[in-house]
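Undergrad: Handing over work_38.cif, mmCIF, C-alpha atoms and all ligand atoms.
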data_work
loop_
_atom_site.label_atom_id
_atom_site.label_comp_id
_atom_site.auth_asym_id
_atom_site.auth_seq_id
_atom_site.Cartn_x
_atom_site.Cartn_y
_atom_site.Cartn_z
CA MET A 1 23.89 -39.38 16.72
CA ASN A 2 20.33 -38.74 18.03
CA ASP A 3 19.45 -37.71 21.60
CA GLU A 4 18.62 -41.26 22.67
CA SER A 5 21.92 -42.72 21.44
CA ASN A 6 23.75 -39.82 23.01
CA PHE A 7 22.08 -40.61 26.31
CA TYR A 8 23.20 -44.27 26.18
CA GLU A 9 26.76 -43.13 25.51
CA GLN A 10 26.58 -40.73 28.47
CA LEU A 11 25.29 -43.53 30.71
CA VAL A 12 28.10 -45.89 29.76
CA ASP A 13 30.64 -43.06 30.26
CA ALA A 14 29.15 -42.35 33.69
CA LEU A 15 29.77 -45.95 34.80
CA LYS A 16 33.54 -45.68 34.33
CA ARG A 17 35.70 -45.89 37.47
CA PRO A 18 39.25 -44.61 37.93
CA ASP A 19 40.33 -48.19 38.67
CA GLY A 20 38.17 -49.71 35.91
CA PRO A 21 39.43 -51.80 32.97
CA ALA A 22 41.63 -50.09 30.37
CA LYS A 23 39.83 -49.34 27.07
CA GLU A 24 42.01 -51.85 25.21
CA ASP A 25 41.06 -54.62 27.65
CA LYS A 26 37.54 -54.53 26.18
CA LYS A 27 35.81 -55.51 29.41
CA ARG A 28 32.42 -54.56 30.83
CA PRO A 29 32.29 -51.16 32.65
CA VAL A 30 30.27 -52.77 35.49
CA HIS A 31 29.97 -56.44 36.47
CA THR A 32 33.52 -56.54 35.10
CA ILE A 33 34.72 -59.74 36.80
CA GLY A 34 32.60 -62.81 36.22
CA ILE A 35 32.47 -66.44 35.28
CA GLY A 36 30.53 -68.21 32.53
CA ALA A 37 28.74 -71.50 33.04
CA SER A 38 26.12 -73.69 31.40
CA GLY A 39 23.09 -75.54 32.68
CA SER A 40 19.42 -76.23 32.10
CA PHE A 41 15.94 -75.08 33.07
CA VAL A 42 12.84 -77.19 33.67
CA ALA A 43 9.49 -75.37 33.84
CA SER A 44 7.11 -76.16 36.69
CA ASP A 45 3.79 -77.89 36.05
CA VAL A 46 1.86 -74.62 36.38
CA ALA A 47 4.26 -72.28 34.53
CA SER A 48 2.56 -72.49 31.11
CA GLN A 49 -0.78 -71.42 32.60
CA PHE A 50 0.85 -68.13 33.51
CA CYS A 51 3.23 -67.63 30.59
CA LYS A 52 3.16 -69.03 27.08
CA ALA A 53 6.84 -68.26 26.37
CA GLY A 54 8.87 -71.26 25.17
CA HIS A 55 10.89 -71.76 28.36
CA PHE A 56 7.72 -72.01 30.46
CA GLN A 57 6.17 -74.85 28.48
CA ARG A 58 6.24 -78.12 30.41
CA THR A 59 9.50 -79.94 29.79
CA SER A 60 10.65 -83.19 31.28
CA ALA A 61 13.86 -83.33 33.26
CA LYS A 62 15.18 -85.44 30.37
CA ASP A 63 14.51 -82.66 27.87
CA PRO A 64 15.25 -79.37 29.64
CA VAL A 65 15.85 -75.94 28.11
CA PRO A 66 19.62 -75.36 27.75
CA VAL A 67 20.86 -72.16 29.41
CA THR A 68 23.98 -70.02 29.40
CA ILE A 69 24.82 -68.37 32.72
CA ARG A 70 27.21 -65.63 33.80
CA PHE A 71 27.78 -64.85 37.48
CA SER A 72 29.50 -61.57 38.28
CA ASN A 73 30.65 -59.11 40.90
CA GLY A 74 28.72 -55.86 40.39
CA SER A 75 31.73 -53.59 40.64
CA GLY A 76 33.36 -51.99 37.61
CA SER A 77 36.79 -52.23 39.20
CA ALA A 78 39.29 -54.17 37.14
CA THR A 79 40.73 -55.69 40.32
CA GLN A 80 39.04 -58.83 41.55
CA ARG A 81 37.75 -58.38 45.10
CA ASP A 82 35.47 -61.35 45.73
CA GLY A 83 35.91 -60.85 49.45
CA TRP A 84 34.58 -57.28 49.51
CA SER A 85 30.94 -56.41 50.07
CA ASP A 86 29.44 -55.88 46.59
CA LEU A 87 26.36 -56.58 44.49
CA ARG A 88 26.46 -59.90 42.59
CA GLY A 89 24.79 -60.62 39.28
CA MET A 90 23.42 -63.69 37.54
CA ALA A 91 22.62 -63.32 33.83
CA ILE A 92 20.79 -66.19 32.13
CA ARG A 93 20.11 -66.94 28.47
CA PHE A 94 17.39 -69.52 27.74
CA HIS A 95 18.08 -71.24 24.40
CA LEU A 96 14.70 -71.92 22.83
CA GLY A 97 15.59 -73.69 19.58
CA LYS A 98 14.74 -72.37 16.11
CA ASP A 99 11.74 -70.44 14.83
CA GLY A 100 9.79 -71.22 11.62
CA LYS A 101 12.47 -69.43 9.55
CA GLY A 102 15.28 -71.50 11.04
CA GLN A 103 16.54 -68.62 13.19
CA GLU A 104 17.81 -69.33 16.71
CA VAL A 105 15.53 -67.97 19.46
CA ALA A 106 16.60 -67.00 22.99
CA ALA A 107 15.37 -65.00 25.97
CA ASP A 108 17.66 -63.27 28.50
CA MET A 109 17.01 -62.62 32.18
CA LEU A 110 19.45 -60.34 34.05
CA THR A 111 19.27 -60.44 37.81
CA MET A 112 21.12 -59.15 40.86
CA ASN A 113 21.05 -59.93 44.57
CA LEU A 114 19.31 -56.65 45.45
CA PRO A 115 15.51 -56.54 45.10
CA GLU A 116 15.25 -52.98 43.80
CA PHE A 117 17.27 -50.53 41.70
CA PHE A 118 18.72 -47.17 42.77
CA ALA A 119 16.65 -44.85 40.60
CA PRO A 120 13.16 -44.74 39.05
CA THR A 121 13.88 -42.83 35.83
CA LYS A 122 16.64 -42.68 33.23
CA GLU A 123 17.59 -39.12 34.27
CA ASP A 124 17.89 -40.19 37.92
CA THR A 125 19.92 -43.22 36.81
CA LEU A 126 22.41 -40.94 35.07
CA ALA A 127 22.59 -38.57 38.06
CA PHE A 128 23.06 -41.51 40.43
CA SER A 129 25.76 -43.09 38.24
CA LEU A 130 27.68 -39.80 38.24
CA ALA A 131 27.20 -39.38 42.00
CA VAL A 132 28.76 -42.75 42.84
CA TYR A 133 32.04 -42.06 41.03
CA PRO A 134 34.51 -43.54 43.53
CA GLN A 135 36.10 -41.05 45.93
CA ARG A 136 38.76 -41.25 48.64
CA TYR A 137 37.56 -43.59 51.37
CA GLN A 138 38.84 -43.77 54.91
CA ARG A 139 37.75 -44.96 58.30
CA GLU A 140 35.47 -42.54 60.10
CA SER A 141 35.92 -41.69 63.75
CA PRO A 142 33.45 -43.17 66.27
CA TRP A 143 32.36 -39.58 67.01
CA LYS A 144 31.48 -38.94 63.35
CA LYS A 145 29.51 -42.21 63.25
CA PHE A 146 27.65 -41.19 66.37
CA THR A 147 26.70 -37.77 64.95
CA GLN A 148 25.55 -39.46 61.73
CA LEU A 149 23.23 -41.68 63.77
CA LEU A 150 21.84 -38.60 65.53
CA LYS A 151 21.08 -37.08 62.11
CA LEU A 152 19.32 -40.35 61.17
CA GLN A 153 22.03 -41.00 58.56
CA VAL A 154 23.47 -44.46 58.02
CA PRO A 155 27.11 -44.62 59.19
CA ARG A 156 29.65 -45.92 56.66
CA ARG A 157 31.28 -49.31 57.09
CA ASN A 158 35.02 -49.38 57.74
CA PRO A 159 37.21 -49.69 54.62
CA TYR A 160 38.80 -53.06 53.81
CA PRO A 161 42.61 -53.21 53.95
CA GLY A 162 43.76 -51.61 50.68
CA GLU A 163 40.43 -49.94 49.97
CA THR A 164 41.35 -46.33 49.24
CA ILE A 165 38.47 -45.28 46.97
CA SER A 166 34.81 -46.23 47.00
CA PRO A 167 31.37 -45.34 45.58
CA ILE A 168 30.07 -45.20 49.18
CA PRO A 169 30.74 -41.47 49.93
CA GLY A 170 28.98 -40.25 46.77
CA GLY A 171 26.21 -42.84 47.07
CA THR A 172 25.53 -41.94 50.70
CA THR A 173 25.37 -38.22 49.95
CA TYR A 174 23.02 -38.92 47.03
CA ALA A 175 20.76 -41.21 49.08
CA ASN A 176 20.57 -38.72 51.93
CA LYS A 177 19.12 -36.22 49.43
CA HIS A 178 16.94 -38.61 47.37
CA GLU A 179 14.45 -40.71 49.28
CA PHE A 180 13.90 -43.12 46.36
CA ALA A 181 17.54 -44.24 46.48
CA GLN A 182 17.75 -44.85 50.23
CA LEU A 183 16.53 -48.43 50.50
CA SER A 184 18.69 -49.75 47.66
CA VAL A 185 21.81 -47.73 48.50
CA PHE A 186 21.87 -48.67 52.16
CA GLN A 187 21.06 -52.31 51.40
CA ASP A 188 23.75 -52.38 48.72
CA PHE A 189 26.45 -50.86 50.91
CA ALA A 190 25.76 -53.48 53.61
CA ILE A 191 25.10 -56.43 51.31
CA GLY A 192 28.15 -58.44 52.36
CA VAL A 193 30.07 -61.29 50.76
CA PRO A 194 28.35 -64.44 49.47
CA PHE A 195 29.49 -67.81 50.69
CA SER A 196 28.98 -68.90 47.07
CA PHE A 197 27.45 -67.52 43.87
CA ALA A 198 25.07 -70.46 44.31
CA ARG A 199 23.84 -69.22 47.70
CA GLN A 200 22.40 -65.84 46.76
CA PRO A 201 18.88 -64.81 45.72
CA TYR A 202 18.80 -62.89 42.41
CA HIS A 203 16.07 -60.47 41.30
CA ALA A 204 15.16 -59.23 37.81
CA VAL A 205 13.88 -56.07 39.58
CA HIS A 206 11.75 -54.64 36.74
CA THR A 207 8.11 -55.53 36.05
CA PHE A 208 7.43 -57.69 32.99
CA VAL A 209 4.04 -58.52 31.48
CA VAL A 210 3.39 -62.24 30.95
CA THR A 211 0.58 -63.73 28.88
CA GLY A 212 -0.82 -67.06 29.98
CA ASP A 213 -2.07 -69.90 27.80
CA ASP A 214 -5.65 -68.53 28.12
CA GLY A 215 -4.56 -65.05 27.01
CA THR A 216 -4.61 -63.47 30.51
CA ARG A 217 -1.97 -60.77 30.95
CA ARG A 218 -0.30 -60.31 34.34
CA TRP A 219 2.24 -57.75 35.62
CA VAL A 220 4.99 -59.73 37.36
CA ARG A 221 8.48 -59.64 38.87
CA PHE A 222 10.93 -62.57 38.70
CA SER A 223 13.38 -63.77 41.36
CA TRP A 224 15.68 -66.78 41.71
CA GLU A 225 15.92 -68.45 45.12
CA PRO A 226 18.84 -70.82 45.78
CA THR A 227 17.28 -74.17 46.72
CA ILE A 228 19.80 -74.81 49.51
CA GLY A 229 19.29 -71.36 51.03
CA VAL A 230 20.99 -67.99 51.21
CA LEU A 231 24.32 -67.78 52.99
CA ASN A 232 26.86 -64.98 53.39
CA LYS A 233 30.39 -65.08 54.75
CA LYS A 234 30.86 -63.91 58.32
CA ASP A 235 32.60 -60.56 58.90
CA SER A 236 35.29 -62.47 60.82
CA ASP A 237 36.12 -64.78 57.85
CA PRO A 238 39.43 -64.13 56.09
CA ILE A 239 39.14 -61.80 53.08
CA GLU A 240 40.00 -63.64 49.85
CA ASP A 241 40.25 -61.75 46.55
CA ASP A 242 39.55 -64.75 44.32
CA PHE A 243 37.42 -67.59 45.64
CA LEU A 244 33.95 -67.43 44.08
CA SER A 245 34.78 -69.08 40.73
CA GLY A 246 36.85 -71.82 42.36
CA GLU A 247 34.13 -72.48 44.92
CA LEU A 248 31.51 -72.79 42.17
CA GLY A 249 33.71 -75.16 40.15
CA ARG A 250 34.29 -77.46 43.15
CA ARG A 251 30.60 -77.34 44.07
CA LEU A 252 29.50 -78.37 40.56
CA GLN A 253 31.76 -81.45 40.66
CA ASN A 254 29.34 -82.83 43.26
CA GLY A 255 26.20 -82.04 41.25
CA PRO A 256 24.31 -79.02 39.91
CA ALA A 257 23.61 -75.86 41.90
CA LYS A 258 19.86 -75.27 41.76
CA PHE A 259 17.65 -72.20 41.87
CA SER A 260 13.83 -71.94 41.92
CA LEU A 261 12.35 -69.26 39.69
CA MET A 262 9.60 -67.42 41.58
CA MET A 263 7.21 -64.98 39.93
CA ALA A 264 5.45 -62.36 42.09
CA ILE A 265 2.12 -61.20 40.67
CA GLY A 266 1.40 -57.49 40.95
CA GLU A 267 -1.80 -56.19 42.51
CA ALA A 268 -3.81 -53.00 42.30
CA GLY A 269 -1.83 -50.15 43.81
CA ASP A 270 1.61 -51.68 43.11
CA ASP A 271 4.09 -49.37 41.46
CA LEU A 272 4.45 -51.27 38.19
CA ASN A 273 6.90 -49.02 36.41
CA ASN A 274 9.19 -48.00 39.25
CA CYS A 275 12.09 -50.43 39.72
CA ALA A 276 13.33 -48.44 42.73
CA ARG A 277 10.28 -49.58 44.70
CA ALA A 278 10.04 -53.16 45.92
CA TRP A 279 6.63 -54.83 46.07
CA SER A 280 5.16 -56.16 49.28
CA PHE A 281 6.38 -59.60 50.39
CA HIS A 282 2.70 -60.55 50.64
CA ARG A 283 2.28 -60.72 46.87
CA ARG A 284 1.16 -64.05 45.48
CA ARG A 285 4.22 -65.90 44.18
CA VAL A 286 4.14 -68.69 41.62
CA PHE A 287 6.90 -71.29 41.24
CA MET A 288 7.85 -71.18 37.54
CA GLY A 289 10.68 -73.71 37.30
CA THR A 290 14.09 -74.94 38.35
CA LEU A 291 17.47 -73.80 37.05
CA SER A 292 20.40 -76.23 37.30
CA VAL A 293 23.85 -74.67 36.99
CA GLU A 294 25.87 -77.63 35.76
CA LYS A 295 29.28 -76.80 34.32
CA ILE A 296 31.83 -74.00 34.31
CA ALA A 297 32.38 -73.07 30.65
CA GLU A 298 35.67 -74.33 29.28
CA ASP A 299 36.16 -71.36 26.95
CA GLN A 300 35.84 -68.33 29.23
CA TRP A 301 36.64 -65.92 26.39
CA LEU A 302 33.61 -67.03 24.37
CA ASN A 303 31.27 -67.86 27.23
CA ASN A 304 32.08 -65.03 29.60
CA GLU A 305 34.06 -62.09 28.20
CA HIS A 306 32.46 -62.22 24.75
CA LEU A 307 28.85 -62.74 25.84
CA SER A 308 26.41 -59.86 25.73
CA PHE A 309 23.10 -60.13 27.53
CA ASN A 310 20.23 -57.66 27.25
CA PRO A 311 17.28 -57.40 29.68
CA CYS A 312 15.01 -56.41 26.77
CA ARG A 313 15.70 -59.66 24.86
CA VAL A 314 12.33 -61.32 25.49
CA VAL A 315 10.18 -63.71 23.45
CA GLU A 316 6.48 -64.00 22.66
CA GLY A 317 4.55 -64.44 25.91
CA ILE A 318 6.71 -61.89 27.78
CA ASP A 319 6.46 -58.14 27.21
CA LEU A 320 8.36 -55.24 28.73
CA SER A 321 6.46 -53.05 31.18
CA ASP A 322 6.63 -49.26 30.76
CA ASP A 323 9.44 -48.99 33.32
CA PRO A 324 11.67 -46.29 31.77
CA VAL A 325 14.83 -47.73 33.34
CA LEU A 326 14.19 -51.10 31.68
CA HIS A 327 13.80 -49.38 28.31
CA VAL A 328 16.98 -47.32 28.64
CA ARG A 329 18.95 -50.49 29.38
CA ARG A 330 18.29 -51.86 25.86
CA GLY A 331 20.41 -49.21 24.13
CA THR A 332 22.90 -48.81 26.97
CA TYR A 333 23.89 -52.49 26.91
CA GLU A 334 24.25 -52.27 23.11
CA VAL A 335 26.62 -49.30 23.39
CA SER A 336 28.62 -51.18 26.03
CA ARG A 337 28.71 -54.31 23.86
CA LEU A 338 29.94 -52.34 20.85
CA ARG A 339 32.61 -50.54 22.87
CA ARG A 340 34.06 -53.80 24.09
CA GLY A 341 33.81 -55.45 20.67
CA ALA A 342 31.56 -58.30 21.80
CA PRO A 343 29.71 -59.90 18.89
CA LEU A 344 26.01 -59.23 18.34
CA CYS A 345 24.06 -61.95 20.07
CA PRO A 346 23.28 -64.62 17.43
CA PHE A 347 19.77 -64.77 18.87
CA SER A 348 19.12 -61.07 18.45
CA ARG A 349 16.28 -60.11 16.13
CA SER A 350 16.98 -56.39 16.24
C1 LIG A 401 19.64 -48.06 33.84
C2 LIG A 401 20.13 -48.90 34.75
C3 LIG A 401 21.30 -49.77 34.39
C4 LIG A 401 22.37 -49.50 33.59
C5 LIG A 401 22.67 -48.18 32.89
C6 LIG A 401 23.19 -50.68 33.54
C7 LIG A 401 24.34 -50.81 32.81
C8 LIG A 401 25.02 -51.96 32.57
C9 LIG A 401 26.06 -52.15 31.61
C10 LIG A 401 26.59 -51.06 30.68
C11 LIG A 401 26.47 -53.42 31.68
C12 LIG A 401 27.56 -54.09 30.83
C13 LIG A 401 26.88 -54.66 29.59
C14 LIG A 401 27.80 -55.32 28.61
O1 LIG A 401 28.85 -54.74 28.28
O2 LIG A 401 27.45 -56.43 28.16
C15 LIG A 401 25.70 -54.08 32.70
C16 LIG A 401 25.81 -55.38 33.07
C17 LIG A 401 24.97 -56.00 33.94
N1 LIG A 401 23.88 -55.45 34.59
FE1 LIG A 401 23.23 -53.58 34.44
N2 LIG A 401 22.62 -51.65 34.31
C18 LIG A 401 21.45 -51.14 34.85
C19 LIG A 401 20.56 -51.78 35.66
C20 LIG A 401 20.67 -53.08 36.06
C21 LIG A 401 19.71 -53.78 36.85
C22 LIG A 401 18.39 -53.21 37.38
C23 LIG A 401 20.19 -55.06 37.01
C24 LIG A 401 19.58 -56.21 37.73
C25 LIG A 401 18.34 -56.56 37.63
C26 LIG A 401 21.44 -55.16 36.27
C27 LIG A 401 22.21 -56.29 36.17
C28 LIG A 401 23.31 -56.43 35.36
C29 LIG A 401 24.05 -57.65 35.22
C30 LIG A 401 23.77 -58.98 35.91
C31 LIG A 401 25.09 -57.39 34.33
C32 LIG A 401 26.15 -58.36 33.86
C33 LIG A 401 25.67 -59.02 32.59
C34 LIG A 401 26.67 -60.06 32.13
O3 LIG A 401 27.01 -60.93 32.93
O4 LIG A 401 27.09 -59.98 30.96
N3 LIG A 401 21.71 -53.94 35.72
N4 LIG A 401 24.81 -53.17 33.23
#
Is it possible to express this structure as structure tokens?
TA:
Amino acid sequence: MNDESNFYEQLVDALKRPDGPAKEDKKRPVHTIGIGASGSFVASDVASQFCKAGHFQRTSAKDPVPVTIRFSNGSGSATQRDGWSDLRGMAIRFHLGKDGKGQEVAADMLTMNLPEFFAPTKEDTLAFSLAVYPQRYQRESPWKKFTQLLKLQVPRRNPYPGETISPIPGGTTYANKHEFAQLSVFQDFAIGVPFSFARQPYHAVHTFVVTGDDGTRRWVRFSWEPTIGVLNKKDSDPIEDDFLSGELGRRLQNGPAKFSLMMAIGEAGDDLNNCARAWSFHRRRVFMGTLSVEKIAEDQWLNNEHLSFNPCRVVEGIDLSDDPVLHVRRGTYEVSRLRRGAPLCPFSRS
């Protein structure tokens, strides 16, 4: 095993939680609980000017690009806690038909409802992943919270009933020592509970390089915005462990859940290769198309547990930036896929 492969193995090991899935359950070490769905994507009228990839060519609503979708809770706990504050993920596969050799072509886009990542390099990612290993978690006294505020530290939220361990203690200690992790860690720990998977914004976080139909290359970041707006549960709402999949299923019976794909265009001075740094909200943003989430997949083994997405699965017209965290994800997701026995993506060219 070479150093790179060894590093991917270490990263996947570092994601394990004491309450995570058993090895024989063959589940993901993070984003463990999720639901698979299907839908379609229609590119906007201007998308092809900015990106010549297949999914951004003009399509009519009658002939959209088919997509596979998996929504997930970010946690690697094997216990479903939809009602606890947590990151949420939306992974999309665009099915782009066959190439000249008859081989299926697809592009993946992995997104989460936090606009930046916790660490700028692969070494920091490993250190952060080790730091957030869940530890004993208990309510802090009002006095402790007050002294934390005086030290300009963010006080911890109270534990949920039954929450005895958490990544929050380790994450807070890490963020207090590493400035780059502060924004994401404190946003993550206060992110809350979505009203619905369909009412969250999702960000691809890394920079990608798109080539337009005139050959112009642009450094961009993608985000999905729910067309009916972002909505979280209130703190006073009852805590339910399992409601997000059911809510999505009922919602889709009344029509698709839609998201607009927005593409922010980087400008001089933007940190292109640092996914721990968000770009200014003032960046020019182009509307690239509409995603319709249409149906919960009938076979959740095949279309949820057995799927394997990869953020580096791109097609001609989209290139990876030099973000080192993006590059380390390619091999890490492969190691994770192999460990859980998920089949190689039929669209993979590697
Ligand atoms: C180096 C940083 C990261 C590491 C090491 C990492 C690791 C992983 C691993 C091992 C999995 C399970 C893969 C599988 O078994 O199929 C996973 C899933 C996932 N990750 Fe990451 N991740 C990283 C960064 C990110 C970022 C920046 C995002 C969001 C933009 C993200 C979003 C997701 C999503 C949505 C899933 C679930 C995919 C699915 O539904 O199958 N991850 N991650």
Undergrad: Would you mind telling me which residue in A:His206, A:Arg340, A:Arg330, A:Arg28 lies nearest to Ala119 in chain A when using all atoms listed in the file?
TA: A:His206
Undergrad: Return as lines of an AutoDock Vina configuration file the centre and edge lengths, in Å with one decimal, of the box along x, y and z that encloses every atom of ligand LIG 401 (chain A) in the file, padded by 6 Å per side.
TA:
center_x = 23.6
center_y = -54.5
center_z = 32.9
size_x = 22.5
size_y = 24.9
size_z = 21.6
Undergrad: Which chains and residue numbers are within 7 Å of ligand LIG 401 (chain A), counting all atoms listed in the file, if I want them as a PyMOL selection string?
TA: chain A and resi 11-12+28-31+34+70-72+89-91+110-112+117+122+125+203-206+307-309+325-326+328-329+332-333+336-337+340
Undergrad: Hey, can you check how far CA of Glu294 in chain A sits from CA of Lys258 in chain A?
TA: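 For CA of Glu294 in chain A relative to CA of Lys258 in chain A, the distance reads 8.8 Å.
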Undergrad: Tell me, in Å to one decimal, how far CA of Ile69 in chain A is from CA of Asn310 in chain A.
TA: 12.9 Å
Undergrad: Dig up all the protein and nucleic acid residues within 7 Å of (5.2, -64.7, 26.0) in the file frame, using all atoms listed in the file, and format them as a list in words.
TA: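 Residues close enough to count: Cys51, Lys52, Ala53, Val210, Thr211, Val315, Glu316, Gly317, Ile318 and Asp319 of chain A.
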Undergrad: Could you give me, as a list in words, the residues within 10 Å of range 148-156 of chain A, counting all atoms listed in the file and dropping anything in the same chain fewer than 3 positions from it?
TA: Tyr137, Gln138, Arg139, Glu140, Pro142, Trp143, Lys144, Lys145, Pro159, Ile168, Pro169, Thr172, Thr173, Ala175, Asn176, Gln182, Phe186, Phe189 and Ala190 of chain A
Undergrad: Quick one, how far is CA of Asp242 in chain A from CA of Ser292 in chain A?
TA: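 Atom-to-atom, CA of Asp242 in chain A and CA of Ser292 in chain A are spaced 23.4 Å apart.
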Undergrad: So which one's closest to Pro161 in chain A, A:Pro120, A:Gly83, A:Gly212, A:Gly192? Using all atoms listed in the file, please.
TA: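 Residue with the minimum atom-to-atom distance to Pro161 in chain A: A:Gly83.
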Undergrad: Return the single residue from A:Gly341, A:Pro134, A:Pro256, A:Gly171 that is closest to Ser40 in chain A, with distances computed using only C-alpha atoms.
TA: A:Pro256
Undergrad: Excluding Phe208 in chain A and its own-chain neighbours fewer than 2 positions away, which residues fall within 6 Å of it when counting all atoms listed in the file? Please give them as a list of chain:residue names.
TA: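 What passes the distance filter is A:Trp219, A:Val220, A:Asp319, A:Leu320, A:Ser321.
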Undergrad: Given the choices A:Asp25, A:Ala297, A:Arg339, A:Leu261, which gets closest to Ser44 in chain A if the distance is worked out from only C-alpha atoms?
TA: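 Once distances to Ser44 in chain A are computed over only C-alpha atoms, the minimum belongs to A:Leu261.
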Undergrad: For a quick check of your reading of the model, name the residues lying within 12 Å of the coordinate (9.9, -79.3, 37.6), counting all atoms listed in the file, and write them as a VMD selection string.
TA: chain A and resid 40 to 48 55 to 65 258 to 261 287 to 292
Undergrad: Using only C-alpha atoms, find the one residue out of A:Tyr8, A:Phe243, A:Trp224, A:Trp301 that sits nearest to Pro194 in chain A.
TA: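 Distance minimum relative to Pro194 in chain A lands on A:Phe243.
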Undergrad: Tell me which of A:Gly249, A:Val335, A:Glu24, A:Val293 sits closest to Thr227 in chain A, counting all atoms listed in the file.
TA: A:Val293
